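Dropping model_34.cif in here (mmCIF, C-alpha atoms):
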```
data_start
#
loop_
_atom_site.label_atom_id
_atom_site.label_comp_id
_atom_site.auth_asym_id
_atom_site.auth_seq_id
_atom_site.Cartn_x
_atom_site.Cartn_y
_atom_site.Cartn_z
CA MET A 1 105.53 -230.66 -25.07
CA THR A 2 104.88 -228.17 -22.26
CA PRO A 3 101.82 -225.87 -22.30
CA PHE A 4 104.06 -222.80 -22.53
CA LEU A 5 105.87 -224.21 -25.57
CA ILE A 6 102.53 -224.93 -27.23
CA PHE A 7 101.50 -221.37 -26.44
CA ILE A 8 104.68 -219.99 -28.07
CA ILE A 9 104.35 -222.14 -31.19
CA SER A 10 100.67 -221.29 -31.68
CA ASN A 11 101.44 -217.59 -31.34
CA ILE A 12 104.32 -217.74 -33.82
CA LEU A 13 102.00 -219.39 -36.33
CA MET A 14 99.38 -216.72 -35.66
CA VAL A 15 101.91 -213.92 -36.25
CA LEU A 16 102.88 -215.47 -39.58
CA VAL A 17 99.21 -215.57 -40.57
CA MET A 18 98.89 -211.93 -39.52
CA LYS A 19 101.86 -211.04 -41.68
CA PHE A 20 100.35 -212.82 -44.68
CA ILE A 21 97.02 -211.02 -44.24
CA GLY A 22 98.79 -207.69 -43.85
CA PHE A 23 100.87 -208.24 -46.97
CA LYS A 24 97.87 -209.27 -49.04
CA LEU A 25 95.67 -206.37 -47.95
CA SER A 26 98.42 -203.76 -48.31
CA ALA A 27 99.71 -205.22 -51.57
CA GLY A 28 103.11 -205.69 -49.96
CA LYS A 29 105.71 -208.03 -51.37
CA ILE A 30 106.31 -211.16 -49.31
CA ASP A 31 109.98 -212.02 -49.01
CA SER A 32 112.09 -213.87 -46.47
CA PHE A 33 113.65 -210.67 -45.12
CA ARG A 34 110.36 -209.03 -44.26
CA LEU A 35 108.79 -212.28 -43.11
CA PHE A 36 111.35 -212.88 -40.38
CA SER A 37 113.05 -209.57 -39.64
CA THR A 38 110.22 -207.34 -38.48
CA PRO A 39 106.74 -207.58 -36.97
CA LEU A 40 105.60 -204.47 -38.83
CA LEU A 41 102.95 -205.14 -41.42
CA GLU A 42 102.00 -201.70 -42.69
CA GLU A 43 103.79 -200.91 -45.95
CA LYS A 44 104.82 -197.30 -45.29
CA THR A 45 106.17 -198.01 -41.82
CA PHE A 46 108.11 -200.99 -43.08
CA LYS A 47 109.80 -198.94 -45.81
CA ILE A 48 110.85 -196.32 -43.27
CA SER A 49 112.28 -199.00 -40.99
CA ARG A 50 114.15 -200.71 -43.81
CA ALA A 51 115.48 -197.48 -45.30
CA ASN A 52 117.15 -196.16 -42.16
CA PRO A 53 119.45 -198.87 -40.76
CA LYS A 54 122.18 -196.33 -40.08
CA TYR A 55 120.07 -194.80 -37.31
CA ILE A 56 119.98 -197.98 -35.29
CA ASP A 57 121.51 -197.29 -31.88
CA ASN A 58 122.40 -200.67 -30.44
CA SER A 59 123.40 -199.17 -27.11
CA VAL A 60 119.84 -197.87 -26.63
CA LEU A 61 118.35 -201.18 -27.74
CA ILE A 62 120.55 -203.11 -25.33
CA PHE A 63 119.68 -200.74 -22.47
CA ASP A 64 115.95 -201.10 -23.19
CA GLN A 65 116.36 -204.88 -23.35
CA LEU A 66 118.21 -204.90 -20.03
CA VAL A 67 115.52 -202.82 -18.31
CA ALA A 68 112.72 -204.97 -19.74
CA THR A 69 114.49 -208.20 -18.78
CA LEU A 70 115.09 -207.02 -15.22
CA GLY A 71 111.46 -205.94 -15.04
CA VAL A 72 110.25 -209.39 -16.09
CA LEU A 73 112.58 -211.16 -13.65
CA PHE A 74 111.55 -208.86 -10.81
CA LEU A 75 107.81 -209.24 -11.34
CA TYR A 76 107.97 -213.01 -11.73
CA SER A 77 109.84 -213.12 -8.41
CA PHE A 78 107.74 -210.49 -6.67
CA TYR A 79 104.26 -211.81 -7.47
CA PRO A 80 104.76 -215.32 -5.99
CA PHE A 81 106.11 -213.67 -2.84
CA LEU A 82 103.00 -211.48 -2.76
CA TRP A 83 100.56 -214.39 -3.21
CA GLU A 84 102.29 -216.53 -0.57
CA ASN A 85 102.67 -213.86 2.12
CA TYR A 86 99.48 -211.89 1.52
CA TYR A 87 97.02 -214.60 0.61
CA GLU A 88 94.06 -212.24 0.72
CA LEU A 89 95.47 -210.43 -2.33
CA ASN A 90 94.92 -213.48 -4.53
CA GLU A 91 91.34 -212.43 -5.22
CA TYR A 92 92.69 -209.15 -6.66
CA LYS A 93 95.21 -210.94 -8.86
CA PRO A 94 93.78 -209.76 -12.23
CA TYR A 95 94.08 -206.12 -11.18
CA LEU A 96 97.56 -206.50 -9.73
CA LEU A 97 98.85 -208.37 -12.78
CA LEU A 98 98.04 -205.71 -15.40
CA PRO A 99 101.50 -204.09 -15.03
CA LEU A 100 102.96 -207.48 -15.99
CA VAL A 101 101.26 -207.17 -19.40
CA TYR A 102 103.18 -203.96 -20.09
CA VAL A 103 106.52 -205.37 -18.94
CA LEU A 104 106.11 -208.61 -20.91
CA THR A 105 105.13 -206.86 -24.14
CA ALA A 106 108.00 -204.40 -23.69
CA PHE A 107 110.37 -207.37 -23.27
CA ILE A 108 109.04 -209.03 -26.44
CA GLY A 109 109.31 -205.74 -28.30
CA CYS A 110 112.90 -205.12 -27.24
CA THR A 111 113.94 -208.66 -28.13
CA THR A 112 112.36 -208.40 -31.57
CA ARG A 113 113.98 -205.02 -32.23
CA ILE A 114 117.43 -206.39 -31.38
CA LEU A 115 116.92 -209.38 -33.69
CA SER A 116 115.67 -207.02 -36.41
CA SER A 117 118.76 -204.83 -36.03
CA LEU A 118 120.91 -207.83 -36.92
CA VAL A 119 119.47 -207.69 -40.44
CA SER A 120 119.61 -203.86 -40.65
CA CYS A 121 115.95 -203.26 -39.93
CA ASN A 122 115.01 -200.53 -37.48
CA PRO A 123 111.42 -200.97 -36.24
CA PRO A 124 110.23 -198.43 -33.68
CA PRO A 125 109.49 -199.49 -30.09
CA MET A 126 106.36 -201.58 -29.66
CA HIS A 127 104.86 -198.99 -27.30
CA ASN A 128 105.11 -195.23 -27.66
CA LYS A 129 105.63 -194.49 -23.95
CA ALA A 130 102.14 -195.71 -23.11
CA TYR A 131 102.63 -194.80 -19.44
CA LEU A 132 102.47 -191.11 -20.45
CA SER A 133 98.95 -191.43 -21.86
CA ALA A 134 96.53 -188.81 -20.57
CA SER A 135 93.32 -190.36 -21.93
CA ALA A 136 91.84 -193.63 -23.16
CA SER A 137 91.94 -192.40 -26.75
CA GLU A 138 95.62 -191.50 -26.51
CA PHE A 139 96.51 -194.79 -24.86
CA TRP A 140 94.81 -197.10 -27.36
CA LEU A 141 94.97 -195.09 -30.57
CA ILE A 142 98.40 -193.47 -30.31
CA ARG A 143 100.68 -195.12 -27.75
CA TRP A 144 99.80 -198.80 -27.18
CA ASN A 145 101.30 -201.57 -29.34
CA LEU A 146 102.11 -199.74 -32.55
CA TRP A 147 102.96 -202.97 -34.36
CA VAL A 148 99.58 -204.63 -33.99
CA ARG A 149 97.85 -201.28 -34.45
CA ASN A 150 99.39 -201.03 -37.93
CA TRP A 151 97.99 -204.44 -38.81
CA LEU A 152 94.57 -203.60 -37.36
CA HIS A 153 94.55 -200.35 -39.32
CA ILE A 154 95.02 -202.35 -42.54
CA ILE A 155 92.14 -204.66 -41.60
CA GLY A 156 89.82 -201.81 -40.62
CA LYS A 157 90.60 -199.72 -43.69
CA SER A 158 90.05 -202.69 -45.99
CA LEU A 159 86.71 -203.64 -44.43
CA VAL A 160 85.29 -200.15 -43.81
CA PRO A 161 87.13 -197.53 -45.91
CA ASN A 162 84.57 -194.73 -45.44
CA SER A 163 83.41 -194.93 -41.82
CA PRO A 164 86.10 -194.06 -39.25
CA GLU A 165 83.93 -194.81 -36.20
CA LEU A 166 82.78 -198.21 -37.49
CA ARG A 167 86.38 -198.90 -38.47
CA LYS A 168 87.46 -198.17 -34.91
CA PHE A 169 84.83 -200.59 -33.58
CA ILE A 170 86.04 -203.30 -35.96
CA ILE A 171 89.65 -202.70 -34.91
CA PHE A 172 88.80 -203.26 -31.24
CA ALA A 173 86.63 -206.29 -32.05
CA VAL A 174 89.37 -207.87 -34.19
CA SER A 175 91.88 -207.11 -31.44
CA GLY A 176 89.69 -209.06 -29.02
CA ILE A 177 89.46 -212.00 -31.42
CA PHE A 178 93.23 -211.80 -31.94
CA HIS A 179 93.75 -212.25 -28.18
CA GLU A 180 91.20 -215.08 -28.04
CA ILE A 181 93.32 -216.94 -30.60
CA MET A 182 96.45 -216.15 -28.60
CA PHE A 183 95.14 -217.39 -25.25
CA SER A 184 91.64 -218.89 -25.24
CA LEU A 185 92.11 -221.26 -28.18
CA PRO A 186 95.30 -223.03 -26.99
CA TYR A 187 93.86 -223.04 -23.44
CA PHE A 188 90.72 -224.78 -24.69
CA LEU A 189 92.74 -227.30 -26.72
CA LEU A 190 94.89 -228.15 -23.70
CA THR A 191 92.28 -228.12 -20.91
CA ASN A 192 88.91 -228.38 -22.69
CA LYS A 193 87.80 -225.34 -20.64
CA ASN A 194 85.91 -222.59 -22.46
CA VAL A 195 86.75 -218.95 -21.70
CA PHE A 196 85.99 -217.63 -25.19
CA GLY A 197 84.52 -214.14 -25.33
CA SER A 198 86.12 -212.78 -22.18
CA MET A 199 89.02 -210.96 -23.85
CA THR A 200 86.85 -209.75 -26.72
CA LEU A 201 84.47 -208.18 -24.21
CA TYR A 202 87.42 -206.43 -22.56
CA PHE A 203 88.42 -204.81 -25.85
CA LEU A 204 84.85 -203.83 -26.68
CA ILE A 205 84.73 -202.07 -23.30
CA GLN A 206 87.92 -200.24 -24.30
CA TYR A 207 86.20 -199.14 -27.51
CA ILE A 208 83.33 -197.74 -25.42
CA ALA A 209 85.89 -196.04 -23.16
CA CYS A 210 87.51 -194.35 -26.18
CA PHE A 211 84.09 -193.26 -27.44
CA VAL A 212 83.14 -191.78 -24.05
CA ASP A 213 86.53 -190.10 -23.78
CA LYS A 214 86.20 -188.51 -27.21
CA GLU A 215 82.50 -187.60 -27.17
CA VAL A 216 81.77 -186.93 -23.49
CA LEU A 217 85.01 -186.12 -21.67
CA LYS A 218 86.90 -184.20 -24.34
CA LYS A 219 86.11 -180.86 -22.67
CA GLU A 220 86.70 -182.09 -19.13
CA TRP A 221 89.84 -181.44 -17.11
CA SER A 222 92.79 -183.56 -18.11
CA THR A 223 92.78 -185.13 -14.63
CA THR A 224 89.26 -186.45 -15.21
CA ARG A 225 90.24 -188.06 -18.50
CA HIS A 226 93.38 -189.49 -16.91
CA LEU A 227 91.45 -191.08 -14.06
CA PHE A 228 88.87 -192.42 -16.50
CA LEU A 229 91.67 -194.06 -18.48
CA TYR A 230 92.88 -196.06 -15.49
CA PHE A 231 89.33 -196.92 -14.48
CA ALA A 232 88.66 -198.26 -17.99
CA LEU A 233 91.88 -200.28 -17.97
CA PHE A 234 91.67 -201.75 -14.48
CA ALA A 235 87.94 -202.16 -13.69
CA PRO A 236 87.33 -204.90 -16.30
CA ALA A 237 90.79 -206.46 -15.78
CA PRO A 238 89.40 -209.93 -14.83
CA LEU A 239 88.02 -210.20 -18.37
CA PHE A 240 91.55 -209.99 -19.77
CA ILE A 241 93.61 -211.55 -16.97
CA ASN A 242 91.41 -214.64 -17.09
CA ASP A 243 92.12 -218.33 -16.53
CA ALA A 244 93.74 -218.66 -19.96
CA PHE A 245 96.17 -215.80 -19.34
CA LEU A 246 97.03 -217.15 -15.88
CA TYR A 247 97.51 -220.66 -17.25
CA PHE A 248 100.20 -219.57 -19.71
CA LEU A 249 101.75 -216.44 -18.21
CA GLY A 250 100.60 -216.15 -14.61
CA PRO A 251 103.37 -216.06 -11.99
#
```

Write out the structure in this file as structure tokens.
Amino acid sequence: MTPFLIFIISNILMVLVMKFIGFKLSAGKIDSFRLFSTPLLEEKTFKISRANPKYIDNSVLIFDQLVATLGVLFLYSFYPFLWENYYELNEYKPYLLLPLVYVLTAFIGCTTRILSSLVSCNPPPMHNKAYLSASASEFWLIRWNLWVRNWLHIIGKSLVPNSPELRKFIIFAVSGIFHEIMFSLPYFLLTNKNVFGSMTLYFLIQYIACFVDKEVLKKEWSTTRHLFLYFALFAPAPLFINDAFLYFLGP
């Protein structure tokens, strides 16, 4: 069994566990339709998706899928060319690979939405045009990965119902742990190399970035907040694009 196949299987199992936790905490009913047709775990969002199958526009879904697929194929062809012809750029690999994260997740989101449409479920896009974000708070709390954010919201609200700021911290911490299970755990099992904690630290830095954006930069020019967003995303990139990520998904 190849490392990539092990990575896929472990992540499918993790998603099923996430679904179970989401259903239990939100008192949702577990059935085969919802278990396999949609990644959405939050009860209200699921009901909206299930209730509006007539608004599914397959032409838009197919176009989005085509763009995402071409993006993945292009980047996985472009990056090897870059590493081979501009060897000095290899040391900047974590920073240069961050766009790949967006393209890959968009591809996974489009694929899942098309499969969901086959059973008359209409989940929204995974990302809400994250590239239009003007601040760290907008990127992480409004536009990035709506599906997992719904699940994290359930976790945070269940653990800390009366403290929004502590809830936000828990959401980022759980998100880090979630990525450790995705990447660091199967990497450790396959290679016996320990990179645990790296991705969690990245997400805790993003929590700090959101706090600074909200409490310190909220009255600054929009350009300042925009630049701070990209600094927060890219500066600690080696913590996220670590050996585990490169082992499974690196071009």

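Evaluated against this file, the PyMOL selection byres ((chain A and resi 6) around 12) yields Met1, Thr2, Pro3, Phe4, Leu5, Phe7, Ile8, Ile9, Ser10, Asn11, Ile12, Leu13, Met182, Phe183, Leu185, Pro186, Tyr187, Leu189, Leu190, Tyr247 and Phe248 of chain A.
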
Leaving out A:Leu82 and any residue of its chain fewer than 3 positions from it, which residues lie within 12 Å of it when counting only C-alpha atoms, given as a count of residues only? 17

Quick one: which stretch 45-138 of chain A residues come within 8 Å of stretch 202-226 of chain A, and what is the nearest atom pair for each with the distance in Å to one decimal, counting all atoms listed in the file, rows ordered by chain and ascending number, as JSON lines?
```
{"residue": "A:Ser133", "atom": "CA", "partner": "A:His226", "partner_atom": "CA", "distance": 7.7}
{"residue": "A:Ala134", "atom": "CA", "partner": "A:His226", "partner_atom": "CA", "distance": 4.9}
{"residue": "A:Ser135", "atom": "CA", "partner": "A:His226", "partner_atom": "CA", "distance": 5.1}
{"residue": "A:Ala136", "atom": "CA", "partner": "A:Cys210", "partner_atom": "CA", "distance": 5.3}
{"residue": "A:Ser137", "atom": "CA", "partner": "A:Cys210", "partner_atom": "CA", "distance": 4.9}
```

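Of the listed residues A:Val101, A:Ile155, A:His127, A:Phe196, the one whose atoms come nearest to A:Phe139 is A:His127, with distances taken using only C-alpha atoms.
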
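A straight line drawn from atom CA of A:Leu16 to atom CA of A:Ala68 is 24.5 Å long.
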
Expected selection from the PyMOL selection byres ((chain A and resi 98) around 12), given as a PyMOL selection string: chain A and resi 75+79+92-97+99-105+230+233-242+245-246+249-250

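Between atom CA of A:Trp147 and atom CA of A:Val15 there is a distance of 11.2 Å.
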